[in-house]
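The file start.cif contains mmCIF, C-alpha atoms:
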data_input
#
loop_
_atom_site.label_atom_id
_atom_site.label_comp_id
_atom_site.auth_asym_id
_atom_site.auth_seq_id
_atom_site.Cartn_x
_atom_site.Cartn_y
_atom_site.Cartn_z
CA MET A 1 2.11 -39.77 -5.62
CA PHE A 2 3.71 -41.00 -8.85
CA GLU A 3 4.03 -44.54 -7.56
CA ALA A 4 0.37 -44.54 -6.66
CA THR A 5 -0.56 -43.33 -10.14
CA ASN A 6 1.58 -46.04 -11.66
CA GLU A 7 -0.05 -48.69 -9.56
CA LEU A 8 -3.47 -47.39 -10.49
CA GLY A 9 -2.52 -47.52 -14.17
CA ASN A 10 -1.29 -51.09 -13.83
CA LEU A 11 -4.45 -52.07 -12.04
CA VAL A 12 -6.61 -50.52 -14.73
CA LEU A 13 -4.65 -52.30 -17.46
CA SER A 14 -4.62 -55.69 -15.73
CA THR A 15 -8.33 -55.76 -14.95
CA GLY A 16 -9.03 -54.89 -18.55
CA GLY A 17 -10.34 -51.38 -19.27
CA THR A 18 -12.31 -50.56 -16.13
CA LEU A 19 -12.85 -47.03 -17.39
CA THR A 20 -14.65 -48.22 -20.49
CA ASP A 21 -17.37 -49.45 -18.16
CA PRO A 22 -20.11 -46.78 -18.44
CA ASN A 23 -20.90 -46.80 -14.73
CA ALA A 24 -17.28 -46.21 -13.75
CA ALA A 25 -16.96 -43.39 -16.27
CA ALA A 26 -20.11 -41.74 -14.92
CA ALA A 27 -18.79 -42.02 -11.38
CA LEU A 28 -15.54 -40.43 -12.45
CA ALA A 29 -17.45 -37.60 -14.15
CA VAL A 30 -19.34 -36.82 -10.95
CA GLY A 31 -16.15 -37.02 -8.92
CA LEU A 32 -14.27 -34.60 -11.19
CA ALA A 33 -17.21 -32.21 -11.22
CA ALA A 34 -17.26 -32.25 -7.42
CA LEU A 35 -13.54 -31.56 -7.35
CA GLY A 36 -14.02 -28.58 -9.66
CA ALA A 37 -16.89 -27.28 -7.55
CA GLY A 38 -14.78 -27.62 -4.43
CA TYR A 39 -11.95 -25.65 -5.96
CA ALA A 40 -14.30 -22.90 -7.09
CA GLU A 41 -15.87 -22.73 -3.63
CA ARG A 42 -12.48 -22.35 -2.00
CA GLY A 43 -11.97 -18.92 -3.54
CA ILE A 44 -15.57 -17.78 -3.27
CA GLY A 45 -15.84 -19.02 0.30
CA SER A 46 -12.79 -17.16 1.54
CA ALA A 47 -13.92 -13.99 -0.23
CA ALA A 48 -17.40 -14.40 1.27
CA VAL A 49 -16.02 -14.84 4.78
CA GLY A 50 -13.88 -11.74 4.26
CA ALA A 51 -16.89 -9.71 3.15
CA MET A 52 -18.97 -11.02 6.07
CA ALA A 53 -16.25 -10.05 8.53
CA GLU A 54 -16.63 -6.45 7.37
CA ASP A 55 -20.42 -6.44 7.14
CA ASP A 56 -22.74 -9.00 8.77
CA ASP A 57 -25.56 -8.21 6.36
CA LEU A 58 -23.65 -9.93 3.59
CA PHE A 59 -24.17 -13.35 5.20
CA VAL A 60 -27.07 -14.42 2.96
CA ASN A 61 -25.45 -13.16 -0.24
CA GLY A 62 -22.16 -14.78 0.71
CA LEU A 63 -23.82 -18.10 1.44
CA ILE A 64 -25.69 -18.13 -1.86
CA LEU A 65 -22.60 -17.25 -3.88
CA THR A 66 -20.52 -19.80 -2.02
CA VAL A 67 -22.79 -22.73 -2.85
CA LEU A 68 -23.47 -21.70 -6.45
CA PRO A 69 -20.74 -23.97 -7.88
CA GLU A 70 -22.63 -26.92 -6.34
CA THR A 71 -24.90 -26.73 -9.37
CA ILE A 72 -22.06 -28.21 -11.39
CA VAL A 73 -22.23 -31.37 -9.28
CA ILE A 74 -26.00 -31.56 -9.68
CA LEU A 75 -25.63 -31.26 -13.45
CA ALA A 76 -22.97 -33.96 -13.36
CA LEU A 77 -25.40 -36.23 -11.48
CA VAL A 78 -27.63 -36.11 -14.58
CA VAL A 79 -24.94 -38.17 -16.33
CA VAL A 80 -25.42 -40.92 -13.76
CA PHE A 81 -29.13 -41.15 -14.55
CA ILE A 82 -28.54 -41.11 -18.32
CA VAL A 83 -25.97 -43.89 -18.15
CA GLY A 84 -27.52 -45.94 -15.38
CA MET B 1 0.45 -13.33 9.05
CA SER B 2 3.67 -14.62 7.56
CA ALA B 3 5.43 -15.08 4.26
CA ALA B 4 5.13 -18.87 4.36
CA GLY B 5 2.49 -20.97 2.63
CA SER B 6 0.14 -20.11 -0.21
CA SER B 7 -1.39 -16.68 -0.54
CA ASN B 8 -5.03 -15.80 0.05
CA PRO B 9 -5.87 -12.82 -2.16
CA GLU B 10 -9.61 -13.63 -2.24
CA TYR B 11 -10.08 -13.06 1.47
CA VAL B 12 -7.94 -9.95 1.70
CA VAL B 13 -9.40 -8.37 -1.43
CA ALA B 14 -12.98 -8.95 -0.23
CA ARG B 15 -12.27 -7.25 3.10
CA VAL B 16 -10.34 -4.43 1.50
CA ARG B 17 -13.08 -3.75 -1.05
CA ALA B 18 -15.64 -3.55 1.73
CA ARG B 19 -13.46 -1.01 3.55
CA ARG B 20 -12.88 0.95 0.39
CA GLY B 21 -16.61 1.53 0.20
CA SER B 22 -16.49 3.42 3.49
CA LEU B 23 -13.79 5.89 2.41
CA TYR B 24 -14.92 9.50 2.14
CA GLY B 25 -16.22 10.63 -1.23
CA ASP B 26 -16.70 14.05 -2.87
CA GLU B 27 -19.80 14.74 -0.83
CA GLU B 28 -18.08 14.14 2.52
CA TYR B 29 -15.08 16.24 1.57
CA ARG B 30 -17.35 19.10 0.58
CA LYS B 31 -19.03 18.90 3.98
CA LEU B 32 -15.69 18.66 5.80
CA THR B 33 -14.28 21.79 4.15
CA ARG B 34 -17.15 23.76 5.66
CA MET B 35 -16.62 22.53 9.22
CA GLY B 36 -14.42 23.67 12.07
CA PRO B 37 -11.87 21.33 13.69
CA ALA B 38 -14.26 20.26 16.47
CA GLU B 39 -16.98 19.45 13.96
CA ILE B 40 -14.53 17.49 11.82
CA ALA B 41 -13.61 15.41 14.87
CA ARG B 42 -17.31 14.82 15.56
CA PHE B 43 -17.89 13.85 11.92
CA MET B 44 -14.97 11.41 12.04
CA GLU B 45 -16.25 9.93 15.28
CA GLU B 46 -19.43 8.91 13.51
CA SER B 47 -17.56 7.15 10.71
CA THR B 48 -14.71 4.62 10.61
CA TYR B 49 -12.51 6.72 12.91
CA GLY B 50 -14.84 6.40 15.90
CA ALA B 51 -12.67 4.12 18.02
CA GLU B 52 -9.55 6.25 17.59
CA ILE B 53 -11.27 9.56 18.27
CA ASN B 54 -12.80 8.15 21.45
CA ALA B 55 -9.52 6.64 22.62
CA LEU B 56 -7.53 9.84 22.08
CA GLY B 57 -10.27 12.36 22.83
CA SER B 58 -9.47 12.67 26.53
CA ARG B 59 -5.79 13.45 25.98
CA HIS B 60 -5.77 15.61 22.87
CA GLY B 61 -8.04 18.16 21.31
CA GLY B 62 -8.59 20.17 18.16
CA VAL B 63 -6.42 19.57 15.13
CA ASP B 64 -3.93 17.43 17.10
CA LEU B 65 -6.70 15.01 17.98
CA ILE B 66 -7.62 14.69 14.30
CA GLU B 67 -4.03 14.20 13.27
CA TYR B 68 -3.26 11.51 15.86
CA ALA B 69 -6.54 9.73 15.21
CA LEU B 70 -5.71 9.65 11.49
CA ASN B 71 -2.25 8.23 12.14
CA ARG B 72 -3.53 5.60 14.51
CA ASN B 73 -6.36 4.56 12.22
CA LEU B 74 -3.98 4.29 9.28
CA ALA B 75 -1.65 2.11 11.32
CA GLU B 76 -4.45 -0.12 12.52
CA GLN B 77 -5.93 -0.62 9.08
CA PHE B 78 -2.60 -1.45 7.46
CA ASP B 79 -1.58 -3.70 10.33
CA ALA B 80 -4.84 -5.57 9.87
CA ILE B 81 -4.14 -6.05 6.16
CA LEU B 82 -0.72 -7.51 6.97
CA ASP B 83 -2.39 -9.71 9.59
CA TRP B 84 -4.85 -11.17 7.09
CA SER B 85 -2.50 -11.81 4.24
CA GLU B 86 -0.37 -14.88 3.84
CA GLY B 87 2.33 -16.19 1.55
CA SER B 88 3.57 -14.17 -1.39
CA LEU B 89 0.72 -11.69 -0.89
CA TYR B 90 2.16 -10.77 2.51
CA ASP B 91 5.57 -10.21 1.00
CA LEU B 92 4.22 -7.92 -1.72
CA ILE B 93 2.16 -5.83 0.70
CA ALA B 94 4.88 -5.66 3.34
CA ARG B 95 7.30 -4.30 0.75
CA TYR B 96 5.18 -1.23 0.32
CA LEU B 97 4.21 -0.82 3.97
CA ARG B 98 7.87 -0.84 5.04
CA LYS B 99 7.84 2.79 4.04
CA PHE B 100 6.22 3.43 7.39
CA ASP B 101 9.16 1.71 9.06
CA ALA B 102 11.41 4.08 7.16
CA TRP B 103 9.24 6.98 8.29
CA ASN B 104 9.40 5.81 11.90
CA VAL B 105 13.17 5.39 11.79
CA LYS B 106 13.55 8.91 10.42
CA THR B 107 11.19 10.34 13.03
CA VAL B 108 13.06 8.64 15.86
CA ILE B 109 16.41 9.85 14.52
CA ARG B 110 15.09 13.39 14.25
CA GLY B 111 13.72 13.08 17.78
CA ALA B 112 17.10 11.96 19.09
CA TYR B 113 18.81 14.73 17.15
CA THR B 114 16.63 17.46 18.62
CA ASP B 115 16.42 15.86 22.09
CA ALA B 116 12.66 15.76 21.78
CA ASP B 117 10.41 14.38 24.49
CA GLN B 118 9.72 10.65 24.17
CA SER B 119 5.94 11.05 24.13
CA ALA B 120 6.21 13.82 21.53
CA VAL B 121 8.05 11.45 19.21
CA GLU B 122 5.69 8.60 19.97
CA VAL B 123 2.55 10.35 18.74
CA ASP B 124 4.21 11.07 15.42
CA LEU B 125 4.99 7.42 14.72
CA ILE B 126 2.79 5.46 12.37
CA ARG B 127 2.89 1.85 13.49
CA ALA B 128 1.89 0.37 10.16
CA GLY B 129 5.13 -1.25 9.11
CA GLU B 130 6.81 -4.47 10.04
CA PHE B 131 8.48 -3.32 13.28
CA ASP B 132 6.72 -4.82 16.27
CA ASP B 133 5.83 -2.91 19.42
CA ARG B 134 8.91 -4.13 21.24
CA ARG B 135 11.30 -2.73 18.68
CA ILE B 136 9.42 0.55 18.56
CA ARG B 137 9.59 0.81 22.34
CA ARG B 138 13.32 0.19 22.24
CA LEU B 139 13.67 2.79 19.47
CA LEU B 140 11.82 5.32 21.59
CA GLU B 141 13.97 4.58 24.61
CA ALA B 142 17.18 5.08 22.65
CA ASP B 143 18.45 8.51 23.64
CA SER B 144 21.14 9.04 21.02
CA ILE B 145 21.42 8.39 17.30
CA ASP B 146 24.10 5.82 18.01
CA ALA B 147 21.69 3.92 20.27
CA VAL B 148 18.96 4.09 17.61
CA ILE B 149 21.30 2.51 15.08
CA GLU B 150 22.17 -0.19 17.58
CA VAL B 151 18.50 -1.13 17.96
CA LEU B 152 18.22 -1.39 14.17
CA GLU B 153 21.38 -3.47 13.83
CA ASP B 154 19.58 -6.66 12.69
CA THR B 155 17.23 -4.92 10.22
CA ILE B 156 17.86 -3.78 6.66
CA TYR B 157 18.55 -0.27 7.96
CA GLY B 158 21.36 -1.30 10.30
CA GLU B 159 24.27 -1.45 7.91
CA PRO B 160 23.50 1.58 5.69
CA LEU B 161 22.90 3.68 8.82
CA ARG B 162 26.17 2.55 10.36
CA GLU B 163 27.99 3.63 7.20
CA ALA B 164 26.20 6.97 7.05
CA TYR B 165 26.87 7.61 10.74
CA ALA B 166 30.51 8.43 10.11
CA GLU B 167 29.49 11.09 7.61
CA TYR B 168 26.92 12.42 10.07
CA GLU B 169 29.55 12.76 12.78
CA GLU B 170 31.70 14.83 10.45
CA THR B 171 29.02 17.18 9.17
CA ASP B 172 26.37 17.08 11.95
CA VAL B 173 23.49 17.16 9.45
CA LEU B 174 20.85 14.46 9.19
CA VAL B 175 20.73 14.24 5.40
CA PRO B 176 23.17 11.30 5.03
CA LEU B 177 21.26 9.26 7.63
CA GLU B 178 17.88 9.99 6.08
CA ASN B 179 19.16 9.20 2.62
CA ALA B 180 20.54 5.91 3.92
CA VAL B 181 17.12 4.97 5.31
CA ASP B 182 15.35 5.91 2.09
CA ARG B 183 17.79 4.03 -0.03
CA ALA B 184 17.60 0.89 2.10
CA PHE B 185 13.83 1.01 1.75
CA TYR B 186 13.77 1.54 -2.02
CA GLU B 187 16.42 -1.09 -2.66
CA ARG B 188 14.35 -3.65 -0.82
CA LEU B 189 11.17 -2.48 -2.52
CA LEU B 190 12.07 -3.58 -6.01
CA SER B 191 14.43 -6.49 -5.44
CA GLY B 192 13.37 -10.04 -6.31
CA LEU B 193 9.80 -9.40 -7.42
CA GLY B 194 8.03 -12.43 -8.89
CA GLY B 195 7.08 -12.76 -12.51
CA ASP B 196 3.32 -13.15 -12.92
CA GLU B 197 1.24 -10.48 -14.63
CA PRO B 198 -0.31 -8.72 -11.59
CA THR B 199 3.10 -8.57 -9.92
CA ARG B 200 4.59 -6.99 -13.03
CA GLN B 201 1.88 -4.35 -12.96
CA TYR B 202 2.64 -3.76 -9.31
CA GLU B 203 6.29 -3.36 -10.23
CA THR B 204 5.39 -0.82 -12.91
CA PHE B 205 3.49 1.11 -10.28
CA LEU B 206 6.40 1.02 -7.83
CA LYS B 207 8.77 2.19 -10.56
CA ALA B 208 6.42 5.04 -11.42
CA GLU B 209 6.47 6.06 -7.78
CA VAL B 210 10.28 6.05 -7.73
CA ASP B 211 10.34 8.04 -10.98
CA PHE B 212 7.92 10.61 -9.59
CA ARG B 213 9.92 10.90 -6.40
CA ASN B 214 13.06 11.53 -8.45
CA ALA B 215 11.22 14.02 -10.65
CA THR B 216 9.95 16.06 -7.68
CA ASN B 217 13.36 16.04 -6.05
CA ALA B 218 14.99 17.21 -9.29
CA LEU B 219 12.37 19.90 -9.81
CA ARG B 220 12.82 21.18 -6.28
CA LEU B 221 16.58 21.30 -6.72
CA ALA B 222 16.32 22.97 -10.11
CA ARG B 223 13.87 25.53 -8.76
CA SER B 224 15.77 26.37 -5.61
CA GLY B 225 19.04 26.66 -7.51
CA ALA B 226 20.78 25.42 -4.37
CA ASP B 227 24.30 24.14 -4.73
CA ILE B 228 23.55 20.54 -3.74
CA ASP B 229 24.70 17.48 -5.63
CA PRO B 230 21.49 16.07 -7.18
CA ALA B 231 23.06 12.63 -7.51
CA ALA B 232 23.09 12.35 -3.72
CA TYR B 233 19.30 12.41 -3.74
CA PHE B 234 18.93 9.93 -6.57
CA ILE B 235 16.84 6.83 -5.81
CA GLU B 236 17.65 3.69 -7.75
CA GLY B 237 15.06 1.51 -9.42
CA GLY B 238 13.06 3.84 -11.62
CA ASP B 239 12.89 3.70 -15.41
CA LEU B 240 12.99 7.38 -16.21
CA PHE B 241 16.21 8.71 -14.74
CA THR B 242 19.72 7.48 -14.30
CA ARG B 243 22.06 8.99 -11.76
CA SER B 244 23.92 11.02 -14.37
CA SER B 245 20.87 12.14 -16.35
CA LEU B 246 19.22 13.35 -13.15
CA ALA B 247 22.32 15.25 -12.15
CA ARG B 248 22.47 16.93 -15.56
CA LEU B 249 18.74 17.73 -15.78
CA ALA B 250 18.54 19.17 -12.28
CA GLN B 251 20.77 22.01 -13.46
CA ASN B 252 18.26 23.28 -15.95
CA LEU B 253 14.54 23.59 -15.20
CA ASP B 254 13.36 23.97 -18.81
CA GLU B 255 15.22 20.92 -20.00
CA LEU B 256 13.89 18.89 -17.08
CA VAL B 257 10.28 19.88 -17.75
CA GLU B 258 10.70 19.01 -21.41
CA PHE B 259 12.25 15.67 -20.50
CA ILE B 260 9.35 14.70 -18.23
CA GLY B 261 6.86 15.88 -20.86
CA ASP B 262 8.41 13.60 -23.48
CA SER B 263 8.55 10.56 -21.17
CA GLN B 264 5.94 7.84 -20.78
CA TYR B 265 4.30 9.90 -18.04
CA GLY B 266 3.86 12.89 -20.37
CA ASP B 267 0.15 12.24 -20.93
CA GLU B 268 -0.74 12.21 -17.25
CA LEU B 269 1.55 15.00 -16.15
CA GLY B 270 1.32 17.21 -19.25
CA PRO B 271 -1.31 19.66 -17.93
CA ALA B 272 0.52 19.97 -14.61
CA LEU B 273 3.80 20.67 -16.38
CA ARG B 274 2.23 23.44 -18.44
CA GLU B 275 0.85 24.91 -15.25
CA LEU B 276 4.29 24.67 -13.71
CA GLU B 277 5.73 26.69 -16.57
CA GLU B 278 3.01 29.32 -16.39
CA ALA B 279 2.24 29.71 -12.72
CA ASP B 280 5.63 28.68 -11.45
CA SER B 281 4.00 26.65 -8.70
CA LEU B 282 5.49 23.37 -7.55
CA ILE B 283 2.52 22.60 -5.31
CA ALA B 284 0.21 22.09 -8.26
CA PHE B 285 2.75 19.82 -9.87
CA GLU B 286 3.10 17.72 -6.73
CA HIS B 287 -0.67 17.41 -6.48
CA ALA B 288 -0.77 16.34 -10.12
CA ILE B 289 1.83 13.67 -9.39
CA ASP B 290 -0.20 12.40 -6.43
CA GLY B 291 -3.34 12.44 -8.54
CA ALA B 292 -1.63 10.55 -11.37
CA LEU B 293 -0.39 7.89 -8.95
CA LEU B 294 -3.83 7.56 -7.39
CA ALA B 295 -5.54 7.28 -10.76
CA TYR B 296 -3.00 4.68 -11.76
CA GLY B 297 -3.68 2.81 -8.54
CA ASP B 298 -7.42 2.85 -9.21
CA ARG B 299 -6.93 1.44 -12.67
CA LEU B 300 -4.52 -1.12 -11.30
CA GLY B 301 -7.13 -2.46 -8.90
CA THR B 302 -9.65 -3.35 -11.59
CA ILE B 303 -7.50 -5.16 -14.15
CA HIS B 304 -6.63 -8.15 -11.96
CA PRO B 305 -9.41 -8.34 -9.39
CA VAL B 306 -7.97 -11.24 -7.40
CA SER B 307 -4.35 -10.29 -6.82
CA VAL B 308 -2.21 -7.88 -4.84
CA THR B 309 -3.20 -4.87 -6.95
CA PRO B 310 -6.62 -4.06 -5.41
CA VAL B 311 -5.00 -4.16 -1.96
CA ILE B 312 -2.32 -1.68 -3.01
CA SER B 313 -4.99 0.44 -4.64
CA TYR B 314 -6.85 0.58 -1.31
CA ILE B 315 -3.70 1.37 0.64
CA LEU B 316 -3.05 4.32 -1.67
CA ALA B 317 -6.61 5.57 -1.45
CA LYS B 318 -6.58 5.32 2.34
CA GLU B 319 -3.28 7.17 2.62
CA ARG B 320 -4.70 9.86 0.38
CA GLU B 321 -7.80 10.14 2.52
CA THR B 322 -5.84 10.72 5.70
CA GLU B 323 -3.72 13.30 3.91
CA ASN B 324 -6.81 15.07 2.62
CA ILE B 325 -8.46 15.18 6.04
CA ARG B 326 -5.21 16.43 7.55
CA ALA B 327 -5.02 19.14 4.89
CA ILE B 328 -8.60 20.19 5.65
CA ALA B 329 -8.01 20.30 9.40
CA ARG B 330 -4.72 22.18 9.11
CA GLY B 331 -6.20 24.52 6.52
CA LYS B 332 -9.10 25.30 8.83
CA GLU B 333 -6.69 25.95 11.66
CA ALA B 334 -4.76 28.40 9.47
CA GLY B 335 -8.00 30.12 8.51
CA LEU B 336 -8.10 29.26 4.81
CA SER B 337 -11.38 29.54 2.94
CA PRO B 338 -13.22 26.38 1.80
CA ASP B 339 -12.27 27.04 -1.83
CA GLU B 340 -8.59 27.35 -1.01
CA ILE B 341 -8.72 24.13 1.00
CA GLU B 342 -10.50 22.32 -1.81
CA SER B 343 -7.68 23.21 -4.18
CA GLU B 344 -5.29 21.48 -1.76
CA LEU B 345 -7.15 18.18 -1.88
CA VAL B 346 -6.37 15.32 -4.22
CA ILE B 347 -9.59 13.57 -5.12
CA THR B 348 -10.11 11.26 -8.06
#
Whole structure, structure tokens version:
Amino acid sequence: MFEATNELGNLVLSTGGTLTDPNAAAALAVGLAALGAGYAERGIGSAAVGAMAEDDDLFVNGLILTVLPETIVILALVVVFIVG
Amino acid sequence: MSAAGSSNPEYVVARVRARRGSLYGDEEYRKLTRMGPAEIARFMEESTYGAEINALGSRHGGVDLIEYALNRNLAEQFDAILDWSEGSLYDLIARYLRKFDAWNVKTVIRGAYTDADQSAVEVDLIRAGEFDDRRIRRLLEADSIDAVIEVLEDTIYGEPLREAYAEYEETDVLVPLENAVDRAFYERLLSGLGGDEPTRQYETFLKAEVDFRNATNALRLARSGADIDPAAYFIEGGDLFTRSSLARLAQNLDELVEFIGDSQYGDELGPALRELEEADSLIAFEHAIDGALLAYGDRLGTIHPVSVTPVISYILAKERETENIRAIARGKEAGLSPDEIESELVIT
């Protein structure tokens, strides 16, 4: 893990500030937002499945709550359009 | 499932909260106190206890049916919780549920002591702890206390029981063995708890339970005036008492009541203590202690919504429910009036 990070750092330095390129930064922003959304959905999803196991009627509510964090990714996509 | 890996409080808490919604409320209890045993069984059949009532209905009847259905339902629900939980969550829940193992061990020992029928012992077991069916079967098949201890050799109860067995052989009373089981359970309960905030709150709750247990024991001893060494009944781990302070306070009821009133539990137990002084009734005090624990458990479950605390809060509420229903059924059997039964219930 650490070696890989080191290598990535070296690569970034040697190619000369890749991250200052607006497109790359926007891509990173979307990626991080997706990661955050995924982490949020992990907890909500397992809670939703638990609730559904007890009561089938909760399926729709559970589904909606589970995908709510996806909005973060959609908002992050706006950055791509602004930059690009 | 096991104590390995990361824990999954979200899943367990969601399921437990859904089940909590189906516990009986004030309205149901009021209805139940006005029913006879057969009607109570019918009422339970239409709620969460349906499967158990149907399974046991052909073999038992009346209050026994209710009692066994309650035990079995309790065991199934708690087993399910242990099944769902993983990682550190499993460890924290199993700690508390091991008290049913302790209960089962004591029941089996009592059964062996009185030469009770195997099936008679079996229906009194609550299979909610960590012992699997195989060990329970072997426990039931053991026909002497020595054999019971042998089956438990590789558990936490093995060694303390072995030590207490010598004392039992001398005196032929079960108290040393039962104390050994209790102590093994409580020692394990509080050892090596983790350090995050919800776990600390859980620890506070467990300590309160130990304190209350010590307080009731001391009150009973002080009231009965029996010549028993209070230190022998002392359970380690609480904040309130030490072995010597308990031994001293158990000699004098007034001092003990004052001591509990001045402690950190004074606010919750104050009214019950005053009642104890006036009416001289331990039952009310014990109900107040149960009520205080339950209220504490309720509060516990809302402060950290995604942690072990809501699960423990549910376990407490469920235990309380089965005890309440049992009290109603037994009260009905004994011919008590609805009002008298209601005073026996602990509802928050």
Find the spatial neighbours of region 65-78 of chain A, counting all atoms listed in the file, within a cut-off of 9 Å - ignore same-chain residues fewer than 5 positions away - and output them as number ranges by chain.
A: 26-27, 29-38, 40-48, 60, 83
Take the PyMOL selection byres ((chain B and resi 8) around 9), apply it to the structure above, and return the hits as a ChimeraX atom specification.
/A:43,46 /B:6-7,9-13,84-89,307
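For the residues B:Ile81, B:Leu65, B:Leu221, B:Val257, ranking by smallest atom-to-atom distance to chain A using only C-alpha atoms places B:Ile81 first.
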Separating CA of Ile126 (chain B) from CA of Leu140 (chain B), to the nearest tenth of an Å, is a gap of 12.9 Å
Contacts of Leu177 (chain B) within 8 Å, only C-alpha atoms, excl. fewer than 5 positions in-chain, as a list in words:
Leu161, Ala164, Tyr165 and Tyr168 of chain B
Applied to this file, what does the PyMOL selection byres ((chain B and resi 235-247) around 8) return in terms of residues, put as a PyMOL selection string?
chain B and resi 183+186-187+190+207-211+214+218+229-231+233-234+248-251+263
Pairwise distance for CA of Glu321 (chain B) and CA of Ile40 (chain B), rounded to one decimal in Å
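For CA of Glu321 (chain B) relative to CA of Ile40 (chain B), the distance reads 13.6 Å.
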Which polymer residues, whether protein, DNA or RNA, lie within 12 Å of the coordinate (-16.4, 24.2, 8.0) when you count only C-alpha atoms? List them as number ranges by chain, using the chain letters and numbers from the file.
B: 28-41, 43, 328-333, 335-339, 341-342
Atoms kept (C-alpha atoms) for selection, written as a PDB file, keeping the file's coordinate frame:
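Output (part03.pdb):
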ATOM      1  CA  GLU B  28     -18.080  14.140   2.520  1.00  0.00           C
ATOM      2  CA  TYR B  29     -15.080  16.240   1.570  1.00  0.00           C
ATOM      3  CA  ARG B  30     -17.350  19.100   0.580  1.00  0.00           C
ATOM      4  CA  LYS B  31     -19.030  18.900   3.980  1.00  0.00           C
ATOM      5  CA  LEU B  32     -15.690  18.660   5.800  1.00  0.00           C
ATOM      6  CA  THR B  33     -14.280  21.790   4.150  1.00  0.00           C
ATOM      7  CA  ARG B  34     -17.150  23.760   5.660  1.00  0.00           C
ATOM      8  CA  MET B  35     -16.620  22.530   9.220  1.00  0.00           C
ATOM      9  CA  GLY B  36     -14.420  23.670  12.070  1.00  0.00           C
ATOM     10  CA  PRO B  37     -11.870  21.330  13.690  1.00  0.00           C
ATOM     11  CA  ALA B  38     -14.260  20.260  16.470  1.00  0.00           C
ATOM     12  CA  GLU B  39     -16.980  19.450  13.960  1.00  0.00           C
ATOM     13  CA  ILE B  40     -14.530  17.490  11.820  1.00  0.00           C
ATOM     14  CA  ALA B  41     -13.610  15.410  14.870  1.00  0.00           C
ATOM     15  CA  PHE B  43     -17.890  13.850  11.920  1.00  0.00           C
ATOM     16  CA  ILE B 328      -8.600  20.190   5.650  1.00  0.00           C
ATOM     17  CA  ALA B 329      -8.010  20.300   9.400  1.00  0.00           C
ATOM     18  CA  ARG B 330      -4.720  22.180   9.110  1.00  0.00           C
ATOM     19  CA  GLY B 331      -6.200  24.520   6.520  1.00  0.00           C
ATOM     20  CA  LYS B 332      -9.100  25.300   8.830  1.00  0.00           C
ATOM     21  CA  GLU B 333      -6.690  25.950  11.660  1.00  0.00           C
ATOM     22  CA  GLY B 335      -8.000  30.120   8.510  1.00  0.00           C
ATOM     23  CA  LEU B 336      -8.100  29.260   4.810  1.00  0.00           C
ATOM     24  CA  SER B 337     -11.380  29.540   2.940  1.00  0.00           C
ATOM     25  CA  PRO B 338     -13.220  26.380   1.800  1.00  0.00           C
ATOM     26  CA  ASP B 339     -12.270  27.040  -1.830  1.00  0.00           C
ATOM     27  CA  ILE B 341      -8.720  24.130   1.000  1.00  0.00           C
ATOM     28  CA  GLU B 342     -10.500  22.320  -1.810  1.00  0.00           C
TER      29      GLU B 342
END
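When all atoms listed in the file are used to measure the gap to chain B, the shortest distance among A:Pro22, A:Ile82, A:Ala53, A:Tyr39 belongs to A:Ala53.
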The PyMOL selection byres ((chain B and resi 92-107) around 8) - which residues does that actually catch in the file I just gave you? List them as a ChimeraX atom specification.
/B:78,82,88-91,108-111,121,124-131,178,181-182,185,188-189,308,311-312
CA of Glu27 (chain B) to CA of Arg15 (chain B), straight-line distance in Å:
23.6 Å
Starting from 6 Å padding per side, set up an axis-aligned box that covers all listed atoms of region 159-163 of chain B and hand over centre and edge lengths in Å, one decimal, as JSON.
{"center_x": 25.4, "center_y": 1.1, "center_z": 8.0, "size_x": 17.1, "size_y": 17.1, "size_z": 16.7}
Find the residue from A:Val49, A:Asn61, A:Leu28, A:Asn6 that sits nearest to chain B; use only C-alpha atoms when measuring.
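With only C-alpha atoms as the atom set, the closest residue is A:Val49.
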Using all atoms listed in the file, which protein or nucleic acid residues come within 7 Å of region 299-305 of chain B? Drop anything in the same chain fewer than 5 positions from it, and give the result as a ChimeraX atom specification.
/B:198,310,313
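Nearest to Asp79 (chain B) of all the residues B:Ile315, B:Arg42, B:Arg223, B:Tyr265 is B:Ile315, based on only C-alpha atoms.
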Determine, counting all atoms listed in the file, which protein, DNA and RNA residues have an atom within 12 Å of an atom of Glu275 (chain B); residues of the same chain fewer than 6 positions away are not included. Present the result as a ChimeraX atom specification.
/B:257,269,281-288
Since the input lacks some atoms of region 57-61 of chain A, please model N, CA and C atoms and print them as a compact mmCIF listing (two decimals), keeping the file's coordinate frame.
# COMPACT_ATOMS: atom_id res chain seq x y z
N ASP A 57 -24.40 -8.09 7.23
CA ASP A 57 -25.56 -8.21 6.36
C ASP A 57 -25.27 -9.02 5.11
N LEU A 58 -24.00 -9.22 4.83
CA LEU A 58 -23.65 -9.93 3.59
C LEU A 58 -23.73 -11.44 3.76
N PHE A 59 -24.17 -11.91 4.95
CA PHE A 59 -24.17 -13.35 5.20
C PHE A 59 -24.97 -14.13 4.16
N VAL A 60 -26.20 -13.68 3.88
CA VAL A 60 -27.07 -14.42 2.96
C VAL A 60 -26.47 -14.43 1.56
N ASN A 61 -26.05 -13.24 1.09
CA ASN A 61 -25.45 -13.16 -0.24
C ASN A 61 -24.21 -14.05 -0.33
